[in-house]
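upload00.cif follows; it contains mmCIF, C-alpha atoms.
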```cif
data_upload
#
loop_
_atom_site.group_PDB
_atom_site.id
_atom_site.type_symbol
_atom_site.label_atom_id
_atom_site.label_comp_id
_atom_site.auth_asym_id
_atom_site.auth_seq_id
_atom_site.Cartn_x
_atom_site.Cartn_y
_atom_site.Cartn_z
ATOM 1 C CA MET A 19 3.278 -14.703 -9.825
ATOM 2 C CA LYS A 20 6.993 -14.214 -9.514
ATOM 3 C CA ILE A 21 7.561 -11.164 -7.300
ATOM 4 C CA ALA A 22 10.743 -9.252 -6.486
ATOM 5 C CA VAL A 23 10.732 -7.359 -3.192
ATOM 6 C CA VAL A 24 13.472 -4.736 -2.937
ATOM 7 C CA GLY A 25 14.143 -3.909 0.702
ATOM 8 C CA ALA A 26 13.061 -7.376 1.807
ATOM 9 C CA ALA A 27 14.888 -7.147 5.150
ATOM 10 C CA GLY A 28 12.877 -4.164 6.391
ATOM 11 C CA MET A 29 9.720 -4.053 8.465
ATOM 12 C CA ALA A 30 7.376 -3.638 5.507
ATOM 13 C CA GLY A 31 9.384 -5.639 2.994
ATOM 14 C CA SER A 32 9.718 -8.706 5.211
ATOM 15 C CA ARG A 33 5.948 -8.756 5.748
ATOM 16 C CA VAL A 34 5.342 -8.493 2.005
ATOM 17 C CA VAL A 35 7.649 -11.468 1.460
ATOM 18 C CA ALA A 36 5.749 -13.498 4.072
ATOM 19 C CA GLU A 37 2.332 -12.537 2.659
ATOM 20 C CA ALA A 38 3.402 -13.371 -0.898
ATOM 21 C CA VAL A 39 4.642 -16.794 0.196
ATOM 22 C CA ARG A 40 1.420 -17.331 2.132
ATOM 23 C CA ARG A 41 -0.494 -16.812 -1.122
ATOM 24 C CA GLY A 42 1.681 -19.201 -3.098
ATOM 25 C CA HIS A 43 3.770 -16.734 -5.109
ATOM 26 C CA GLU A 44 7.456 -17.168 -5.960
ATOM 27 C CA VAL A 45 9.505 -14.492 -4.234
ATOM 28 C CA THR A 46 12.936 -13.002 -4.856
ATOM 29 C CA ALA A 47 14.018 -11.115 -1.735
ATOM 30 C CA VAL A 48 16.418 -8.322 -2.682
ATOM 31 C CA HIS A 49 18.395 -6.972 0.248
ATOM 32 C CA ARG A 50 21.395 -4.717 0.786
ATOM 33 C CA GLY A 51 23.168 -6.267 3.771
ATOM 34 C CA THR A 52 23.375 -9.730 5.267
ATOM 35 C CA VAL A 53 20.777 -12.319 4.344
ATOM 36 C CA PRO A 54 17.677 -11.777 6.516
ATOM 37 C CA PRO A 55 15.650 -14.692 7.922
ATOM 38 C CA LEU A 56 13.384 -15.773 5.070
ATOM 39 C CA PRO A 57 10.498 -18.207 4.625
ATOM 40 C CA SER A 58 11.331 -21.498 2.953
ATOM 41 C CA GLY A 59 11.562 -21.309 -0.806
ATOM 42 C CA VAL A 60 12.347 -17.580 -1.031
ATOM 43 C CA LEU A 61 15.348 -16.697 -3.197
ATOM 44 C CA PRO A 62 17.663 -14.215 -1.438
ATOM 45 C CA VAL A 63 19.600 -11.823 -3.696
ATOM 46 C CA GLN A 64 22.054 -9.231 -2.437
ATOM 47 C CA ALA A 65 21.956 -6.053 -4.506
ATOM 48 C CA ASP A 66 22.111 -2.306 -4.071
ATOM 49 C CA ALA A 67 18.903 -0.449 -4.853
ATOM 50 C CA VAL A 68 20.789 2.043 -7.034
ATOM 51 C CA ASP A 69 22.439 -0.623 -9.211
ATOM 52 C CA ARG A 70 20.230 -0.122 -12.275
ATOM 53 C CA ASP A 71 21.823 -2.824 -14.424
ATOM 54 C CA ARG A 72 21.601 -5.530 -11.772
ATOM 55 C CA LEU A 73 18.065 -4.576 -10.842
ATOM 56 C CA THR A 74 16.991 -4.549 -14.482
ATOM 57 C CA GLY A 75 18.126 -8.155 -14.824
ATOM 58 C CA LEU A 76 16.338 -9.156 -11.629
ATOM 59 C CA PHE A 77 13.135 -7.398 -12.661
ATOM 60 C CA ARG A 78 13.078 -9.062 -16.083
ATOM 61 C CA ALA A 79 12.920 -12.446 -14.349
ATOM 62 C CA VAL A 80 9.735 -11.630 -12.393
ATOM 63 C CA ASP A 81 6.163 -10.519 -13.030
ATOM 64 C CA ALA A 82 5.859 -7.791 -10.395
ATOM 65 C CA VAL A 83 8.166 -5.578 -8.356
ATOM 66 C CA VAL A 84 7.737 -4.069 -4.900
ATOM 67 C CA GLY A 85 9.979 -1.225 -3.747
ATOM 68 C CA ALA A 86 10.060 -1.344 0.057
ATOM 69 C CA THR A 87 13.316 0.485 0.696
ATOM 70 C CA ARG A 88 13.677 2.922 3.567
ATOM 71 C CA PRO A 89 16.683 5.163 4.208
ATOM 72 C CA ARG A 90 18.755 4.952 7.352
ATOM 73 C CA GLU A 91 18.281 7.839 9.765
ATOM 74 C CA GLY A 92 20.320 10.784 8.543
ATOM 75 C CA GLU A 93 20.338 9.507 4.940
ATOM 76 C CA GLU A 94 16.890 10.694 3.946
ATOM 77 C CA ASP A 95 18.388 12.614 1.011
ATOM 78 C CA THR A 96 19.085 9.271 -0.707
ATOM 79 C CA VAL A 97 15.376 8.617 -1.239
ATOM 80 C CA GLY A 98 15.170 10.550 -4.512
ATOM 81 C CA PRO A 99 18.148 8.880 -6.236
ATOM 82 C CA THR A 100 17.140 5.434 -4.977
ATOM 83 C CA THR A 101 13.593 5.867 -6.241
ATOM 84 C CA ALA A 102 14.831 7.093 -9.616
ATOM 85 C CA ALA A 103 17.128 4.078 -9.950
ATOM 86 C CA LEU A 104 14.295 1.657 -9.181
ATOM 87 C CA LEU A 105 12.033 3.422 -11.683
ATOM 88 C CA ASP A 106 14.732 3.313 -14.360
ATOM 89 C CA ALA A 107 15.232 -0.411 -13.805
ATOM 90 C CA ALA A 108 11.470 -0.989 -13.986
ATOM 91 C CA VAL A 109 11.300 0.839 -17.323
ATOM 92 C CA ASN A 110 14.292 -1.070 -18.687
ATOM 93 C CA ALA A 111 12.682 -4.362 -17.658
ATOM 94 C CA ASP A 112 9.204 -3.282 -18.805
ATOM 95 C CA ARG A 113 7.725 -4.048 -15.390
ATOM 96 C CA ARG A 114 5.245 -2.275 -13.123
ATOM 97 C CA ILE A 115 6.647 -1.272 -9.743
ATOM 98 C CA LEU A 116 4.681 -0.758 -6.552
ATOM 99 C CA PHE A 117 6.320 1.521 -3.992
ATOM 100 C CA ILE A 118 5.520 1.272 -0.312
ATOM 101 C CA GLY A 119 5.948 4.938 0.455
ATOM 102 C CA GLY A 120 5.001 7.173 3.330
ATOM 103 C CA ALA A 121 1.948 9.029 4.571
ATOM 104 C CA GLY A 122 3.553 12.443 4.063
ATOM 105 C CA PRO A 123 2.101 13.219 0.607
ATOM 106 C CA LEU A 124 -1.467 12.263 1.547
ATOM 107 C CA ARG A 125 -3.985 15.027 2.158
ATOM 108 C CA THR A 126 -5.668 15.607 5.509
ATOM 109 C CA ASP A 127 -9.322 16.379 6.157
ATOM 110 C CA ALA A 128 -8.340 20.049 6.053
ATOM 111 C CA ASP A 129 -6.881 19.563 2.567
ATOM 112 C CA GLY A 130 -3.315 20.194 3.706
ATOM 113 C CA LEU A 131 -0.599 17.573 3.496
ATOM 114 C CA VAL A 132 0.005 15.061 6.264
ATOM 115 C CA VAL A 133 3.689 16.010 6.335
ATOM 116 C CA ASP A 134 2.686 19.480 7.579
ATOM 117 C CA ASP A 135 0.194 18.294 10.206
ATOM 118 C CA PRO A 136 1.700 17.802 13.705
ATOM 119 C CA ARG A 137 -1.298 15.687 14.702
ATOM 120 C CA TYR A 138 0.122 12.935 12.534
ATOM 121 C CA VAL A 139 3.779 13.861 12.053
ATOM 122 C CA PRO A 140 5.640 14.903 15.214
ATOM 123 C CA ALA A 141 8.646 17.146 14.598
ATOM 124 C CA ARG A 142 11.127 14.282 15.047
ATOM 125 C CA TYR A 143 9.558 12.391 12.114
ATOM 126 C CA ARG A 144 9.158 15.296 9.727
ATOM 127 C CA VAL A 145 12.391 14.651 7.830
ATOM 128 C CA ILE A 146 11.423 11.118 6.835
ATOM 129 C CA ALA A 147 7.854 12.247 6.108
ATOM 130 C CA ALA A 148 9.210 14.965 3.808
ATOM 131 C CA ALA A 149 11.333 12.340 2.078
ATOM 132 C CA SER A 150 8.164 10.440 1.175
ATOM 133 C CA VAL A 151 6.811 13.581 -0.503
ATOM 134 C CA THR A 152 10.029 13.759 -2.530
ATOM 135 C CA GLN A 153 9.675 10.085 -3.394
ATOM 136 C CA LEU A 154 6.195 10.535 -4.820
ATOM 137 C CA ARG A 155 7.283 13.599 -6.800
ATOM 138 C CA VAL A 156 10.094 11.562 -8.379
ATOM 139 C CA CYS A 157 7.546 8.931 -9.372
ATOM 140 C CA GLU A 158 5.203 11.523 -10.846
ATOM 141 C CA ALA A 159 7.980 12.901 -13.047
ATOM 142 C CA HIS A 160 9.003 9.473 -14.358
ATOM 143 C CA ALA A 161 7.738 7.516 -17.356
ATOM 144 C CA ALA A 162 7.706 4.168 -15.528
ATOM 145 C CA ASP A 163 4.534 2.196 -14.814
ATOM 146 C CA TRP A 164 4.348 2.798 -11.064
ATOM 147 C CA VAL A 165 1.874 2.801 -8.192
ATOM 148 C CA TYR A 166 2.498 4.451 -4.829
ATOM 149 C CA LEU A 167 0.907 3.001 -1.715
ATOM 150 C CA SER A 168 0.846 5.317 1.300
ATOM 151 C CA PRO A 169 0.434 3.741 4.735
ATOM 152 C CA PRO A 170 -1.449 5.635 7.429
ATOM 153 C CA ALA A 171 0.304 7.859 9.957
ATOM 154 C CA LEU A 172 1.265 4.942 12.210
ATOM 155 C CA LEU A 173 2.744 1.763 10.750
ATOM 156 C CA GLU A 174 4.112 -0.808 13.164
ATOM 157 C CA PRO A 175 4.442 -4.577 13.601
ATOM 158 C CA GLY A 176 1.276 -6.227 14.823
ATOM 159 C CA SER A 177 -1.285 -8.858 13.938
ATOM 160 C CA ARG A 178 -2.570 -9.910 10.536
ATOM 161 C CA LEU A 179 -6.291 -9.209 10.662
ATOM 162 C CA GLY A 180 -6.660 -9.562 6.922
ATOM 163 C CA THR A 181 -8.818 -6.433 6.702
ATOM 164 C CA TYR A 182 -8.162 -2.772 5.981
ATOM 165 C CA ARG A 183 -9.779 0.234 4.340
ATOM 166 C CA ARG A 184 -8.557 1.499 1.009
ATOM 167 C CA GLY A 185 -8.758 5.212 0.368
ATOM 168 C CA GLY A 186 -7.604 7.631 -2.276
ATOM 169 C CA THR A 187 -5.102 10.396 -1.640
ATOM 170 C CA VAL A 188 -6.709 11.457 1.672
ATOM 171 C CA LEU A 189 -5.325 9.978 4.898
ATOM 172 C CA VAL A 190 -7.417 7.026 6.098
ATOM 173 C CA THR A 191 -8.521 7.582 9.703
ATOM 174 C CA ALA A 192 -10.692 5.741 12.194
ATOM 175 C CA PRO A 193 -13.746 7.369 13.823
ATOM 176 C CA ASP A 194 -11.590 8.352 16.814
ATOM 177 C CA GLY A 195 -9.212 10.236 14.519
ATOM 178 C CA SER A 196 -6.379 7.713 14.736
ATOM 179 C CA SER A 197 -4.580 6.620 11.576
ATOM 180 C CA ARG A 198 -2.802 3.294 11.768
ATOM 181 C CA ILE A 199 -2.297 -0.185 10.350
ATOM 182 C CA SER A 200 -0.102 -3.155 11.167
ATOM 183 C CA ALA A 201 2.781 -3.959 8.846
ATOM 184 C CA GLU A 202 1.141 -7.344 8.348
ATOM 185 C CA ASP A 203 -2.085 -5.829 7.022
ATOM 186 C CA LEU A 204 -0.163 -3.337 4.917
ATOM 187 C CA ALA A 205 1.359 -6.388 3.237
ATOM 188 C CA VAL A 206 -2.152 -7.739 2.645
ATOM 189 C CA ALA A 207 -2.978 -4.484 0.818
ATOM 190 C CA VAL A 208 0.210 -4.725 -1.234
ATOM 191 C CA LEU A 209 -0.551 -8.251 -2.423
ATOM 192 C CA ASP A 210 -4.176 -7.353 -3.121
ATOM 193 C CA GLU A 211 -2.953 -4.553 -5.391
ATOM 194 C CA LEU A 212 -0.458 -6.808 -7.165
ATOM 195 C CA GLU A 213 -3.067 -9.492 -7.775
ATOM 196 C CA GLU A 214 -5.873 -7.124 -8.778
ATOM 197 C CA PRO A 215 -4.461 -3.711 -9.721
ATOM 198 C CA GLY A 216 -6.702 -0.725 -9.105
ATOM 199 C CA ASP A 217 -7.021 2.412 -11.188
ATOM 200 C CA GLU A 218 -5.220 4.798 -8.814
ATOM 201 C CA ARG A 219 -1.519 5.509 -9.105
ATOM 202 C CA HIS A 220 -1.445 6.832 -5.537
ATOM 203 C CA PHE A 221 -3.674 5.525 -2.775
ATOM 204 C CA GLY A 222 -3.644 5.089 0.972
ATOM 205 C CA VAL A 223 -4.780 2.343 3.314
ATOM 206 C CA GLY A 224 -5.562 2.083 7.025
ATOM 207 C CA TYR A 225 -7.999 0.722 9.553
#
```

Can you give me the file's structure in the form of structure tokens?
Amino acid sequence: MKIAVVGAAGMAGSRVVAEAVRRGHEVTAVHRGTVPPLPSGVLPVQADAVDRDRLTGLFRAVDAVVGATRPREGEEDTVGPTTAALLDAAVNADRRILFIGGAGPLRTDADGLVVDDPRYVPARYRVIAAASVTQLRVCEAHAADWVYLSPPALLEPGSRLGTYRRGGTVLVTAPDGSSRISAEDLAVAVLDELEEPGDERHFGVGY
């Protein structure tokens, strides 16, 4: 496939680029700032995630789109407009878009939302977790063909094990109650979904 990754310089986006290359796909790495270090053969494209016209053209040239943008600290209110712009571009290009979102809108074992559970979202992270809830709501109100992948409570760089558990809209936890995955294995889940799309529009993954 030809895959465009928007937010390719970030923690999640850069791992998706690497995993896609590993599997033999052609990748366009869309980034906002300076060109990030990229695997050989990846096409770097500088573009703003709210530039609908430019993104529409980029999306028309690929088979699949991954939205891996993340706001800078203090700019969490940009998540809604950025998501809407990406969705608009996906509709204009007639392409499906997979968002790497947040754990905030997942449900807990108590049937509340993760964003409201201090076991998983300490107070200092609540603003960005709430932004992921907003992001999903924007998707749900849009006519685009989208899928929203929620990571577990803890997402950090690590090792590529090549395994993970796929859940629905309930937070994936381990027997000890922890909820985590490496960014590398999150990328494995992203590429699995692109290659063999599931039925869910919103699902979570974790160990």

Find the spatial neighbours of Asp163 in chain A, counting only C-alpha atoms, within a cut-off of 10 Å - ignore same-chain residues fewer than 6 positions away - and output them as a count of residues only. 10

Exercise: residues within 12 Å of coordinate (8.6, 8.6, -14.9), counting only C-alpha atoms, as a VMD selection string: chain A and resid 101 to 110 114 to 115 153 to 165

If you keep C-alpha atoms, can you produce a file of those selected residues as an mmCIF file, in the frame of the given file?
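Produced file selection_22.cif, reproduced below:
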```cif
data_model
loop_
_atom_site.group_PDB
_atom_site.id
_atom_site.type_symbol
_atom_site.label_atom_id
_atom_site.label_comp_id
_atom_site.auth_asym_id
_atom_site.auth_seq_id
_atom_site.Cartn_x
_atom_site.Cartn_y
_atom_site.Cartn_z
ATOM 1 C CA THR A 101 13.593 5.867 -6.241
ATOM 2 C CA ALA A 102 14.831 7.093 -9.616
ATOM 3 C CA ALA A 103 17.128 4.078 -9.950
ATOM 4 C CA LEU A 104 14.295 1.657 -9.181
ATOM 5 C CA LEU A 105 12.033 3.422 -11.683
ATOM 6 C CA ASP A 106 14.732 3.313 -14.360
ATOM 7 C CA ALA A 107 15.232 -0.411 -13.805
ATOM 8 C CA ALA A 108 11.470 -0.989 -13.986
ATOM 9 C CA VAL A 109 11.300 0.839 -17.323
ATOM 10 C CA ASN A 110 14.292 -1.070 -18.687
ATOM 11 C CA ARG A 114 5.245 -2.275 -13.123
ATOM 12 C CA ILE A 115 6.647 -1.272 -9.743
ATOM 13 C CA GLN A 153 9.675 10.085 -3.394
ATOM 14 C CA LEU A 154 6.195 10.535 -4.820
ATOM 15 C CA ARG A 155 7.283 13.599 -6.800
ATOM 16 C CA VAL A 156 10.094 11.562 -8.379
ATOM 17 C CA CYS A 157 7.546 8.931 -9.372
ATOM 18 C CA GLU A 158 5.203 11.523 -10.846
ATOM 19 C CA ALA A 159 7.980 12.901 -13.047
ATOM 20 C CA HIS A 160 9.003 9.473 -14.358
ATOM 21 C CA ALA A 161 7.738 7.516 -17.356
ATOM 22 C CA ALA A 162 7.706 4.168 -15.528
ATOM 23 C CA ASP A 163 4.534 2.196 -14.814
ATOM 24 C CA TRP A 164 4.348 2.798 -11.064
ATOM 25 C CA VAL A 165 1.874 2.801 -8.192
#
```

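The coordinates place CA of Pro193 in chain A at 27.8 Å from CA of Val145 in chain A.
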
Option closest in space to Thr191 in chain A, from A:Val48, A:Val223, A:Leu179, A:Leu204 [counting only C-alpha atoms]: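 For Thr191 in chain A, the nearest of the candidates is A:Val223.
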
For the atom pair CA of Arg184 in chain A and CA of Ala207 in chain A, what is the interatomic distance in Å to one decimal place? 8.2 Å

Return the padded bounding box of range 32-40 of chain A as JSON: axis-aligned, built from all atoms listed in the file, 8 Å added on each side, with centre and edge lengths in Å to one decimal.
```
{"center_x": 5.6, "center_y": -12.9, "center_z": 2.4, "size_x": 24.3, "size_y": 24.8, "size_z": 22.6}
```

With a distance cut-off of 7 Å and all atoms listed in the file, select the neighbouring residues of range 77-91 of chain A, excluding the residue or stretch itself and same-chain residues fewer than 6 positions from it, and output the selection as a ChimeraX atom specification. /A:19-26,30-31,97,108,111,113-118

Identify the residues within 9 Å of coordinate (20.7, -4.1, 5.0) (same frame as the file), considering all atoms listed in the file, and give the answer as a PyMOL selection string. chain A and resi 25-28+49-54

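Taking only C-alpha atoms into account, Asp66 in chain A lies nearest to A:Thr100 out of the set A:Glu211, A:Thr100, A:Gly42, A:Ala201.
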
Taking all atoms listed in the file into account, which of A:Leu173, A:Ala149, A:Ala141, A:Leu189 comes nearest Asp203 in chain A?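 Using all atoms listed in the file, the shortest distance to Asp203 in chain A belongs to A:Leu173.
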
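Between Pro55 in chain A and the candidates A:Arg41, A:Arg72, A:Arg137, A:Arg33, the tightest atom-to-atom separation, counting only C-alpha atoms, involves A:Arg33.
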
Could you tell me how far CA of Glu202 in chain A sits from CA of Gly180 in chain A, in Å to one decimal place? 8.2 Å

Could you write range 165-185 of chain A as a PDB file, in the coordinates of the input, with N, CA and C atoms rebuilt where they are missing?
```pdb
ATOM      1  N   VAL A 165       2.980   2.512  -9.103  1.00  0.00           N
ATOM      2  CA  VAL A 165       1.874   2.801  -8.192  1.00  0.00           C
ATOM      3  C   VAL A 165       2.490   3.052  -6.824  1.00  0.00           C
ATOM      4  N   TYR A 166       1.936   4.016  -6.107  1.00  0.00           N
ATOM      5  CA  TYR A 166       2.498   4.451  -4.829  1.00  0.00           C
ATOM      6  C   TYR A 166       1.472   4.220  -3.730  1.00  0.00           C
ATOM      7  N   LEU A 167       1.809   3.331  -2.811  1.00  0.00           N
ATOM      8  CA  LEU A 167       0.907   3.001  -1.715  1.00  0.00           C
ATOM      9  C   LEU A 167       1.370   3.726  -0.454  1.00  0.00           C
ATOM     10  N   SER A 168       0.530   4.599   0.063  1.00  0.00           N
ATOM     11  CA  SER A 168       0.846   5.317   1.300  1.00  0.00           C
ATOM     12  C   SER A 168       0.212   4.617   2.497  1.00  0.00           C
ATOM     13  N   PRO A 169       1.010   4.259   3.496  1.00  0.00           N
ATOM     14  CA  PRO A 169       0.434   3.741   4.735  1.00  0.00           C
ATOM     15  C   PRO A 169      -0.208   4.883   5.510  1.00  0.00           C
ATOM     16  N   PRO A 170      -0.918   4.570   6.578  1.00  0.00           N
ATOM     17  CA  PRO A 170      -1.449   5.635   7.429  1.00  0.00           C
ATOM     18  C   PRO A 170      -0.338   6.252   8.271  1.00  0.00           C
ATOM     19  N   ALA A 171      -0.706   7.142   9.181  1.00  0.00           N
ATOM     20  CA  ALA A 171       0.304   7.859   9.957  1.00  0.00           C
ATOM     21  C   ALA A 171       1.147   6.926  10.814  1.00  0.00           C
ATOM     22  N   LEU A 172       0.539   5.867  11.347  1.00  0.00           N
ATOM     23  CA  LEU A 172       1.265   4.942  12.210  1.00  0.00           C
ATOM     24  C   LEU A 172       1.307   3.563  11.568  1.00  0.00           C
ATOM     25  N   LEU A 173       2.519   3.105  11.296  1.00  0.00           N
ATOM     26  CA  LEU A 173       2.744   1.763  10.750  1.00  0.00           C
ATOM     27  C   LEU A 173       3.701   1.049  11.686  1.00  0.00           C
ATOM     28  N   GLU A 174       3.274  -0.082  12.214  1.00  0.00           N
ATOM     29  CA  GLU A 174       4.112  -0.808  13.164  1.00  0.00           C
ATOM     30  C   GLU A 174       3.793  -2.294  13.103  1.00  0.00           C
ATOM     31  N   PRO A 175       4.721  -3.138  13.570  1.00  0.00           N
ATOM     32  CA  PRO A 175       4.442  -4.577  13.601  1.00  0.00           C
ATOM     33  C   PRO A 175       3.217  -4.867  14.464  1.00  0.00           C
ATOM     34  N   GLY A 176       2.481  -5.896  14.078  1.00  0.00           N
ATOM     35  CA  GLY A 176       1.276  -6.227  14.823  1.00  0.00           C
ATOM     36  C   GLY A 176       0.706  -7.549  14.375  1.00  0.00           C
ATOM     37  N   SER A 177      -0.602  -7.632  14.331  1.00  0.00           N
ATOM     38  CA  SER A 177      -1.285  -8.858  13.938  1.00  0.00           C
ATOM     39  C   SER A 177      -1.826  -8.736  12.518  1.00  0.00           C
ATOM     40  N   ARG A 178      -1.950  -9.875  11.859  1.00  0.00           N
ATOM     41  CA  ARG A 178      -2.570  -9.910  10.536  1.00  0.00           C
ATOM     42  C   ARG A 178      -4.067 -10.150  10.730  1.00  0.00           C
ATOM     43  N   LEU A 179      -4.843  -9.090  10.581  1.00  0.00           N
ATOM     44  CA  LEU A 179      -6.291  -9.209  10.662  1.00  0.00           C
ATOM     45  C   LEU A 179      -6.886  -9.593   9.316  1.00  0.00           C
ATOM     46  N   GLY A 180      -6.176  -9.253   8.262  1.00  0.00           N
ATOM     47  CA  GLY A 180      -6.660  -9.562   6.922  1.00  0.00           C
ATOM     48  C   GLY A 180      -7.670  -8.563   6.398  1.00  0.00           C
ATOM     49  N   THR A 181      -7.871  -7.469   7.130  1.00  0.00           N
ATOM     50  CA  THR A 181      -8.818  -6.433   6.702  1.00  0.00           C
ATOM     51  C   THR A 181      -8.164  -5.063   6.798  1.00  0.00           C
ATOM     52  N   TYR A 182      -8.642  -4.148   5.982  1.00  0.00           N
ATOM     53  CA  TYR A 182      -8.162  -2.772   5.981  1.00  0.00           C
ATOM     54  C   TYR A 182      -9.129  -1.959   5.145  1.00  0.00           C
ATOM     55  N   ARG A 183      -8.997  -0.656   5.201  1.00  0.00           N
ATOM     56  CA  ARG A 183      -9.779   0.234   4.340  1.00  0.00           C
ATOM     57  C   ARG A 183      -8.851   0.839   3.304  1.00  0.00           C
ATOM     58  N   ARG A 184      -9.332   0.891   2.088  1.00  0.00           N
ATOM     59  CA  ARG A 184      -8.557   1.499   1.009  1.00  0.00           C
ATOM     60  C   ARG A 184      -9.143   2.872   0.712  1.00  0.00           C
ATOM     61  N   GLY A 185      -8.303   3.866   0.687  1.00  0.00           N
ATOM     62  CA  GLY A 185      -8.758   5.212   0.368  1.00  0.00           C
ATOM     63  C   GLY A 185      -8.088   5.720  -0.887  1.00  0.00           C
TER      64      GLY A 185
END
```
